[in-house]
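Accompanying notes for the structure given below.
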Amino acid sequence: MPLPNATTSHALLLATVNDLSTPHFLAPIIAGAARCVRERLVIVLFSRLFNTGRRPRSPLAGRPEDASRRDSCSSSHSDSSAGISHTGSWDDVQRLLTYVYVQATAIAQELDKVLLQVDVLLRGFDEDLPEDFGKDFEVVIRIEGDCIPVPLPQSVMALRTAWSKPGDRALDGERTPGSPVAPAVEPSSYPVVALGGTFDHLHAGHKILLSMAAWIADEKVIVGVTDDALLTTKENREVLEDLPERMRVVRRFMELFKPGPVYDIVPISDVYGPTGTEPNIQALVVSRETESGGRAVDQFREEKSLPPLRTFVIDVISHSSRRLDDEDVEVLKQAKMSSTFIRQWIVSRQRDQTSQTDGLDLEVLTCP
């Protein structure tokens, strides 16, 4: 069947990527999905590069009847070897996530669907989706000719399937998968990773930040969420989500993106949060805009004789980033990934609705 119509509320998009070059072939498919879906779009990218190398396949994977739940793939597609170094692929993975998020966000904003929820997940060929993964969706979007060598749960198989033609793969980069294991310049991941933010009306920029922290974490991610008391001067504060809601949404996304690690979601009332007292943290994730805060954390920990942190910077979120192609950077500039923009949009919509209601009341009052 073709792509769903605009009455679809929740949709899945499943695709494989062979390397970490910019997946231009996905652009028209993501754009089409974003145009059709009203409330939530979850995009799952499968690749051997994302293999965990340590998680056993579920018991379903070895059963004969499971053959009907996976695509017929060549042996190269079903490779279960260890994936790439997570720290070594930092730049490439954040670029991949940013590209996919921007394609969906730009279309959603163009159609005034600013609150469309888009989640991008990365899964290896040695991971299974949960059995109930498809329960909240109406349709699954697949790409013609694409092969997913992972048994899909029955809840996904039971969904209506919309097949879509890929874009021009000639536009993608020339990068080849190469060896899946990068040279051990530094650890592939760290036991405990920390980051912080306000995380109001969780949007694509937040999700890239949170995803990359989970990407390089083995055991735990500590997420500091700014306390309400520090946000009294925020623009359009009346529509800012309260602390419990922001913490709940952050946890839900983290557990969806990477099941397994412990997610310690805590309120913070200063720039340091747990990084100012907790010795068992090895890495810190910051955006380019909050890099100065990362330096302040380093200095504070040094003064307190705490171990130094390896700092990772998300820089593709910046409008001046050159980690994307020129055309992609322009799309990024147009995609307003900020809580301030979302709050402004909500307030504007509320005012429009109030004006329309007042107009209706006036018409009733002046009717003969």
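So you can find residues: chains in the structure tokens are A, B, ... in the order shown, residues in each start at 1, and ligands are numbered from 1 in order.
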Name the residues in contact with stretch 217-223 of chain A at a cut-off of 6 Å, using only C-alpha atoms, excluding same-chain residues fewer than 6 positions from it; report them as number ranges by chain. A: 189-196, 261-265
If you count only C-alpha atoms, which residues fall within 7 Å of stretch 139-145 of chain A, apart from same-chain ones fewer than 2 positions away, as a PDB file with N, CA, C and O atoms, in the first residue's frame?
```pdb
ATOM      1  N   ALA A  11       3.027   6.246  13.471  1.00  0.00           N
ATOM      2  CA  ALA A  11       3.621   5.381  12.446  1.00  0.00           C
ATOM      3  C   ALA A  11       5.053   5.030  12.792  1.00  0.00           C
ATOM      4  O   ALA A  11       5.764   5.803  13.447  1.00  0.00           O
ATOM      5  N   LEU A  12       5.454   3.841  12.328  1.00  0.00           N
ATOM      6  CA  LEU A  12       6.846   3.387  12.404  1.00  0.00           C
ATOM      7  C   LEU A  12       7.482   3.486  11.029  1.00  0.00           C
ATOM      8  O   LEU A  12       6.813   3.268  10.018  1.00  0.00           O
ATOM      9  N   LEU A  13       8.772   3.811  10.993  1.00  0.00           N
ATOM     10  CA  LEU A  13       9.539   3.755   9.755  1.00  0.00           C
ATOM     11  C   LEU A  13      10.780   2.918  10.046  1.00  0.00           C
ATOM     12  O   LEU A  13      11.577   3.266  10.925  1.00  0.00           O
ATOM     13  N   LEU A  14      10.923   1.810   9.340  1.00  0.00           N
ATOM     14  CA  LEU A  14      12.043   0.893   9.542  1.00  0.00           C
ATOM     15  C   LEU A  14      12.954   0.909   8.323  1.00  0.00           C
ATOM     16  O   LEU A  14      12.472   0.823   7.190  1.00  0.00           O
ATOM     17  N   ALA A  15      14.279   0.999   8.553  1.00  0.00           N
ATOM     18  CA  ALA A  15      15.225   1.029   7.434  1.00  0.00           C
ATOM     19  C   ALA A  15      16.586   0.546   7.897  1.00  0.00           C
ATOM     20  O   ALA A  15      16.924   0.616   9.088  1.00  0.00           O
ATOM     21  N   PHE A 137       1.032   1.713  17.318  1.00  0.00           N
ATOM     22  CA  PHE A 137       1.154   2.263  15.974  1.00  0.00           C
ATOM     23  C   PHE A 137       0.062   1.727  15.054  1.00  0.00           C
ATOM     24  O   PHE A 137      -0.517   0.664  15.295  1.00  0.00           O
ATOM     25  N   CYS A 147      16.393  -4.716   3.201  1.00  0.00           N
ATOM     26  CA  CYS A 147      16.438  -6.005   3.889  1.00  0.00           C
ATOM     27  C   CYS A 147      16.756  -5.776   5.364  1.00  0.00           C
ATOM     28  O   CYS A 147      17.783  -5.205   5.701  1.00  0.00           O
ATOM     29  N   LEU A 159       0.858  -4.878  11.685  1.00  0.00           N
ATOM     30  CA  LEU A 159       0.508  -3.529  11.240  1.00  0.00           C
ATOM     31  C   LEU A 159       0.352  -3.479   9.716  1.00  0.00           C
ATOM     32  O   LEU A 159       0.961  -4.273   8.986  1.00  0.00           O
ATOM     33  N   ARG A 160      -0.451  -2.539   9.240  1.00  0.00           N
ATOM     34  CA  ARG A 160      -0.501  -2.269   7.802  1.00  0.00           C
ATOM     35  C   ARG A 160       0.876  -1.815   7.358  1.00  0.00           C
ATOM     36  O   ARG A 160       1.523  -1.021   8.035  1.00  0.00           O
ATOM     37  N   THR A 161       1.355  -2.306   6.226  1.00  0.00           N
ATOM     38  CA  THR A 161       2.677  -1.946   5.721  1.00  0.00           C
ATOM     39  C   THR A 161       2.557  -1.042   4.509  1.00  0.00           C
ATOM     40  O   THR A 161       1.850  -1.366   3.545  1.00  0.00           O
ATOM     41  N   ALA A 162       3.227   0.101   4.571  1.00  0.00           N
ATOM     42  CA  ALA A 162       3.274   1.019   3.433  1.00  0.00           C
ATOM     43  C   ALA A 162       4.684   0.963   2.853  1.00  0.00           C
ATOM     44  O   ALA A 162       5.663   1.216   3.559  1.00  0.00           O
ATOM     45  N   TRP A 163       4.786   0.607   1.566  1.00  0.00           N
ATOM     46  CA  TRP A 163       6.092   0.500   0.916  1.00  0.00           C
ATOM     47  C   TRP A 163       6.408   1.790   0.176  1.00  0.00           C
ATOM     48  O   TRP A 163       5.562   2.340  -0.521  1.00  0.00           O
ATOM     49  N   SER A 164       7.625   2.271   0.351  1.00  0.00           N
ATOM     50  CA  SER A 164       8.024   3.546  -0.249  1.00  0.00           C
ATOM     51  C   SER A 164       9.327   3.368  -1.024  1.00  0.00           C
ATOM     52  O   SER A 164      10.203   2.610  -0.614  1.00  0.00           O
ATOM     53  N   LYS A 165       9.445   4.077  -2.146  1.00  0.00           N
ATOM     54  CA  LYS A 165      10.664   3.997  -2.952  1.00  0.00           C
ATOM     55  C   LYS A 165      11.759   4.873  -2.349  1.00  0.00           C
ATOM     56  O   LYS A 165      11.490   6.002  -1.930  1.00  0.00           O
ATOM     57  N   PRO A 166      13.002   4.369  -2.317  1.00  0.00           N
ATOM     58  CA  PRO A 166      14.092   5.171  -1.756  1.00  0.00           C
ATOM     59  C   PRO A 166      14.487   6.306  -2.683  1.00  0.00           C
ATOM     60  O   PRO A 166      14.190   6.288  -3.878  1.00  0.00           O
TER      61      PRO A 166
END
```
Set the distance at 7 Å and use only C-alpha atoms: which residues neighbour A:Asn51 once local chain neighbours fewer than 2 positions away are removed? I'd like the list as a list in words. Arg48, Leu49, Gly53, Ser80, Ser81, Ala82, Gly83, Gly124, Phe125 and Asp126 of chain A
Residues from the last selection, N, CA and C atoms, saved as a PDB file, in the first residue's frame:
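Dumped everything to selection-v9.pdb:
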```
ATOM      1  N   ARG A  48      24.588  -3.334  11.063  1.00  0.00           N
ATOM      2  CA  ARG A  48      25.575  -4.146  11.784  1.00  0.00           C
ATOM      3  C   ARG A  48      26.552  -3.262  12.541  1.00  0.00           C
ATOM      4  N   LEU A  49      26.686  -2.008  12.100  1.00  0.00           N
ATOM      5  CA  LEU A  49      27.588  -1.082  12.785  1.00  0.00           C
ATOM      6  C   LEU A  49      27.117  -0.769  14.196  1.00  0.00           C
ATOM      7  N   GLY A  53      27.452  -6.705  20.192  1.00  0.00           N
ATOM      8  CA  GLY A  53      28.562  -7.637  20.345  1.00  0.00           C
ATOM      9  C   GLY A  53      28.507  -8.443  21.621  1.00  0.00           C
ATOM     10  N   SER A  80      26.673 -10.699  12.615  1.00  0.00           N
ATOM     11  CA  SER A  80      26.433 -10.461  14.040  1.00  0.00           C
ATOM     12  C   SER A  80      27.719 -10.096  14.766  1.00  0.00           C
ATOM     13  N   SER A  81      28.737  -9.614  14.043  1.00  0.00           N
ATOM     14  CA  SER A  81      29.996  -9.237  14.669  1.00  0.00           C
ATOM     15  C   SER A  81      29.825  -7.984  15.509  1.00  0.00           C
ATOM     16  N   ALA A  82      30.866  -7.660  16.268  1.00  0.00           N
ATOM     17  CA  ALA A  82      30.821  -6.473  17.115  1.00  0.00           C
ATOM     18  C   ALA A  82      30.694  -5.218  16.262  1.00  0.00           C
ATOM     19  N   GLY A  83      30.030  -4.219  16.807  1.00  0.00           N
ATOM     20  CA  GLY A  83      29.832  -2.982  16.078  1.00  0.00           C
ATOM     21  C   GLY A  83      31.022  -2.057  16.166  1.00  0.00           C
ATOM     22  N   GLY A 124      21.198  -2.679  16.378  1.00  0.00           N
ATOM     23  CA  GLY A 124      22.100  -3.594  15.704  1.00  0.00           C
ATOM     24  C   GLY A 124      21.361  -4.819  15.187  1.00  0.00           C
ATOM     25  N   PHE A 125      22.062  -5.594  14.399  1.00  0.00           N
ATOM     26  CA  PHE A 125      21.474  -6.820  13.883  1.00  0.00           C
ATOM     27  C   PHE A 125      21.411  -7.907  14.960  1.00  0.00           C
ATOM     28  N   ASP A 126      22.087  -7.683  16.101  1.00  0.00           N
ATOM     29  CA  ASP A 126      22.041  -8.668  17.180  1.00  0.00           C
ATOM     30  C   ASP A 126      21.086  -8.234  18.294  1.00  0.00           C
TER      31      ASP A 126
END
```
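Checking A:Val239, A:Ile268, A:Val225, A:Ala214 one by one against A:Trp345, counting only C-alpha atoms, you find the shortest gap at A:Val239.
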Where in stretch 152-315 of chain A does DSSP assign strand (DSSP E or B), given as a ChimeraX atom specification? /A:160-164,190-197,217-226,262-268,283-287,310-314
For the selection just defined, write its residues with N, CA, C and O atoms to a file, as a compact mmCIF listing (two decimals), in the first residue's frame.
```txt
# COMPACT_ATOMS: atom_id res chain seq x y z
N ARG A 160 -0.45 -2.54 9.24
CA ARG A 160 -0.50 -2.27 7.80
C ARG A 160 0.88 -1.81 7.36
O ARG A 160 1.52 -1.02 8.04
N THR A 161 1.36 -2.31 6.23
CA THR A 161 2.68 -1.95 5.72
C THR A 161 2.56 -1.04 4.51
O THR A 161 1.85 -1.37 3.55
N ALA A 162 3.23 0.10 4.57
CA ALA A 162 3.27 1.02 3.43
C ALA A 162 4.68 0.96 2.85
O ALA A 162 5.66 1.22 3.56
N TRP A 163 4.79 0.61 1.57
CA TRP A 163 6.09 0.50 0.92
C TRP A 163 6.41 1.79 0.18
O TRP A 163 5.56 2.34 -0.52
N SER A 164 7.62 2.27 0.35
CA SER A 164 8.02 3.55 -0.25
C SER A 164 9.33 3.37 -1.02
O SER A 164 10.20 2.61 -0.61
N TYR A 190 32.01 4.56 27.99
CA TYR A 190 32.37 4.83 29.38
C TYR A 190 31.28 4.29 30.30
O TYR A 190 30.10 4.28 29.93
N PRO A 191 31.67 3.85 31.51
CA PRO A 191 30.65 3.29 32.41
C PRO A 191 29.54 4.28 32.75
O PRO A 191 28.35 3.95 32.66
N VAL A 192 29.91 5.51 33.15
CA VAL A 192 28.90 6.49 33.59
C VAL A 192 29.11 7.80 32.84
O VAL A 192 30.21 8.36 32.83
N VAL A 193 28.04 8.29 32.22
CA VAL A 193 28.07 9.52 31.44
C VAL A 193 27.04 10.48 32.03
O VAL A 193 25.95 10.06 32.44
N ALA A 194 27.37 11.76 32.06
CA ALA A 194 26.45 12.77 32.61
C ALA A 194 26.17 13.86 31.58
O ALA A 194 26.98 14.13 30.69
N LEU A 195 25.01 14.49 31.72
CA LEU A 195 24.65 15.67 30.93
C LEU A 195 23.54 16.39 31.67
O LEU A 195 22.96 15.86 32.64
N GLY A 196 23.24 17.60 31.23
CA GLY A 196 22.18 18.36 31.89
C GLY A 196 21.48 19.29 30.93
O GLY A 196 21.97 19.57 29.83
N GLY A 197 20.31 19.78 31.35
CA GLY A 197 19.56 20.71 30.53
C GLY A 197 18.19 20.95 31.11
O GLY A 197 17.80 20.33 32.11
N ALA A 217 27.52 5.39 26.69
CA ALA A 217 27.43 4.92 28.07
C ALA A 217 27.22 3.41 28.13
O ALA A 217 26.45 2.84 27.36
N ASP A 218 27.91 2.76 29.06
CA ASP A 218 27.76 1.33 29.27
C ASP A 218 26.76 0.99 30.36
O ASP A 218 25.91 0.13 30.19
N GLU A 219 26.91 1.67 31.51
CA GLU A 219 26.17 1.26 32.70
C GLU A 219 25.11 2.26 33.14
O GLU A 219 24.01 1.87 33.53
N LYS A 220 25.43 3.54 33.10
CA LYS A 220 24.52 4.54 33.65
C LYS A 220 24.65 5.86 32.92
O LYS A 220 25.75 6.25 32.51
N VAL A 221 23.51 6.56 32.78
CA VAL A 221 23.51 7.94 32.30
C VAL A 221 22.83 8.78 33.38
O VAL A 221 21.71 8.47 33.79
N ILE A 222 23.52 9.82 33.83
CA ILE A 222 22.95 10.75 34.81
C ILE A 222 22.50 11.99 34.05
O ILE A 222 23.30 12.64 33.39
N VAL A 223 21.21 12.28 34.12
CA VAL A 223 20.66 13.44 33.42
C VAL A 223 20.16 14.44 34.46
O VAL A 223 19.23 14.16 35.22
N GLY A 224 20.82 15.61 34.50
CA GLY A 224 20.38 16.68 35.38
C GLY A 224 19.34 17.54 34.68
O GLY A 224 19.58 18.03 33.57
N VAL A 225 18.17 17.70 35.30
CA VAL A 225 17.08 18.48 34.71
C VAL A 225 16.89 19.73 35.57
O VAL A 225 16.67 19.64 36.78
N THR A 226 16.97 20.90 34.95
CA THR A 226 16.92 22.17 35.67
C THR A 226 15.64 22.31 36.47
O THR A 226 14.54 22.11 35.96
N VAL A 262 21.20 2.09 33.43
CA VAL A 262 20.43 2.77 34.46
C VAL A 262 20.34 4.24 34.08
O VAL A 262 21.34 4.85 33.70
N TYR A 263 19.15 4.81 34.17
CA TYR A 263 18.98 6.23 33.88
C TYR A 263 18.60 6.95 35.16
O TYR A 263 17.51 6.75 35.71
N ASP A 264 19.55 7.75 35.66
CA ASP A 264 19.36 8.50 36.89
C ASP A 264 18.96 9.92 36.51
O ASP A 264 19.81 10.74 36.14
N ILE A 265 17.68 10.21 36.55
CA ILE A 265 17.15 11.52 36.14
C ILE A 265 16.92 12.33 37.41
O ILE A 265 16.08 11.97 38.24
N VAL A 266 17.70 13.41 37.58
CA VAL A 266 17.68 14.14 38.84
C VAL A 266 17.48 15.64 38.61
O VAL A 266 17.93 16.19 37.60
N PRO A 267 16.81 16.34 39.53
CA PRO A 267 16.71 17.80 39.42
C PRO A 267 18.03 18.46 39.79
O PRO A 267 18.76 17.95 40.65
N ILE A 268 18.36 19.55 39.13
CA ILE A 268 19.58 20.28 39.46
C ILE A 268 19.24 21.76 39.69
O ILE A 268 18.34 22.31 39.06
N ALA A 283 32.52 10.66 31.87
CA ALA A 283 32.36 11.49 30.66
C ALA A 283 31.20 12.46 30.83
O ALA A 283 30.23 12.19 31.55
N LEU A 284 31.30 13.59 30.13
CA LEU A 284 30.29 14.64 30.16
C LEU A 284 29.92 14.99 28.73
O LEU A 284 30.80 15.16 27.88
N VAL A 285 28.63 15.11 28.45
CA VAL A 285 28.15 15.50 27.12
C VAL A 285 27.55 16.89 27.21
O VAL A 285 26.69 17.15 28.05
N VAL A 286 28.01 17.80 26.34
CA VAL A 286 27.50 19.17 26.31
C VAL A 286 27.23 19.56 24.86
O VAL A 286 27.75 18.94 23.93
N SER A 287 26.42 20.58 24.68
CA SER A 287 26.23 21.15 23.35
C SER A 287 27.27 22.25 23.15
O SER A 287 27.90 22.70 24.10
N ARG A 310 36.03 13.23 30.62
CA ARG A 310 36.22 13.33 29.18
C ARG A 310 34.97 14.03 28.64
O ARG A 310 33.84 13.56 28.81
N THR A 311 35.16 15.20 28.01
CA THR A 311 34.02 15.98 27.53
C THR A 311 33.78 15.74 26.05
O THR A 311 34.70 15.82 25.23
N PHE A 312 32.52 15.44 25.71
CA PHE A 312 32.10 15.25 24.32
C PHE A 312 31.15 16.38 23.96
O PHE A 312 30.24 16.69 24.72
N VAL A 313 31.37 16.98 22.80
CA VAL A 313 30.59 18.15 22.40
C VAL A 313 29.69 17.81 21.22
O VAL A 313 30.14 17.26 20.21
N ILE A 314 28.41 18.14 21.38
CA ILE A 314 27.46 18.05 20.27
C ILE A 314 27.56 19.36 19.50
O ILE A 314 27.18 20.41 20.02
```
Long-range neighbours of A:Leu45 as a ChimeraX atom specification, 12 Å cut-off, only C-alpha atoms, 5 positions minimum in chain: /A:12-20,23,26,30,50-51,93,96-97,100,119-125,127,129,142-143,146-148,150,257
Here is a test: counting only C-alpha atoms, which residue of A:Asp352, A:Glu110, A:Asp200, A:Asp136 is nearest to A:Ser338? A:Asp200
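Here atom CA of A:Phe253 stands at a distance of 13.9 Å from atom CA of A:Phe133.
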Tell me which protein, DNA and RNA residues are within 9 Å of A:Tyr272, counting only C-alpha atoms, leaving out same-chain ones fewer than 3 positions away, and put them as a count of residues only. 12
Check the smallest atom-to-atom distance from each of A:Glu241, A:Asp128, A:Asp270, A:Asp315 to A:Leu202 using only C-alpha atoms, then report the winner.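 The closest residue to A:Leu202 is A:Glu241.
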Restricting the calculation to only C-alpha atoms: of A:Thr7, A:Ser339, A:Gln109, A:Ser188, which residue gets closest to A:Thr87?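 Smallest distance to A:Thr87 is found for A:Ser188.
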Can you measure atom CA of A:Asp92 to atom CA of A:Thr22 for me? One decimal in Å is fine.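 So the answer is 8.8 Å.
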In Å, rounded to a single decimal, give me how far atom CA of A:Thr232 is from atom CA of A:Arg349. 22.1 Å
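Compared by their closest atoms to A:Glu138, and using only C-alpha atoms, the residues A:Arg95, A:Gln299, A:Pro153, A:Val37 rank with A:Val37 nearest.
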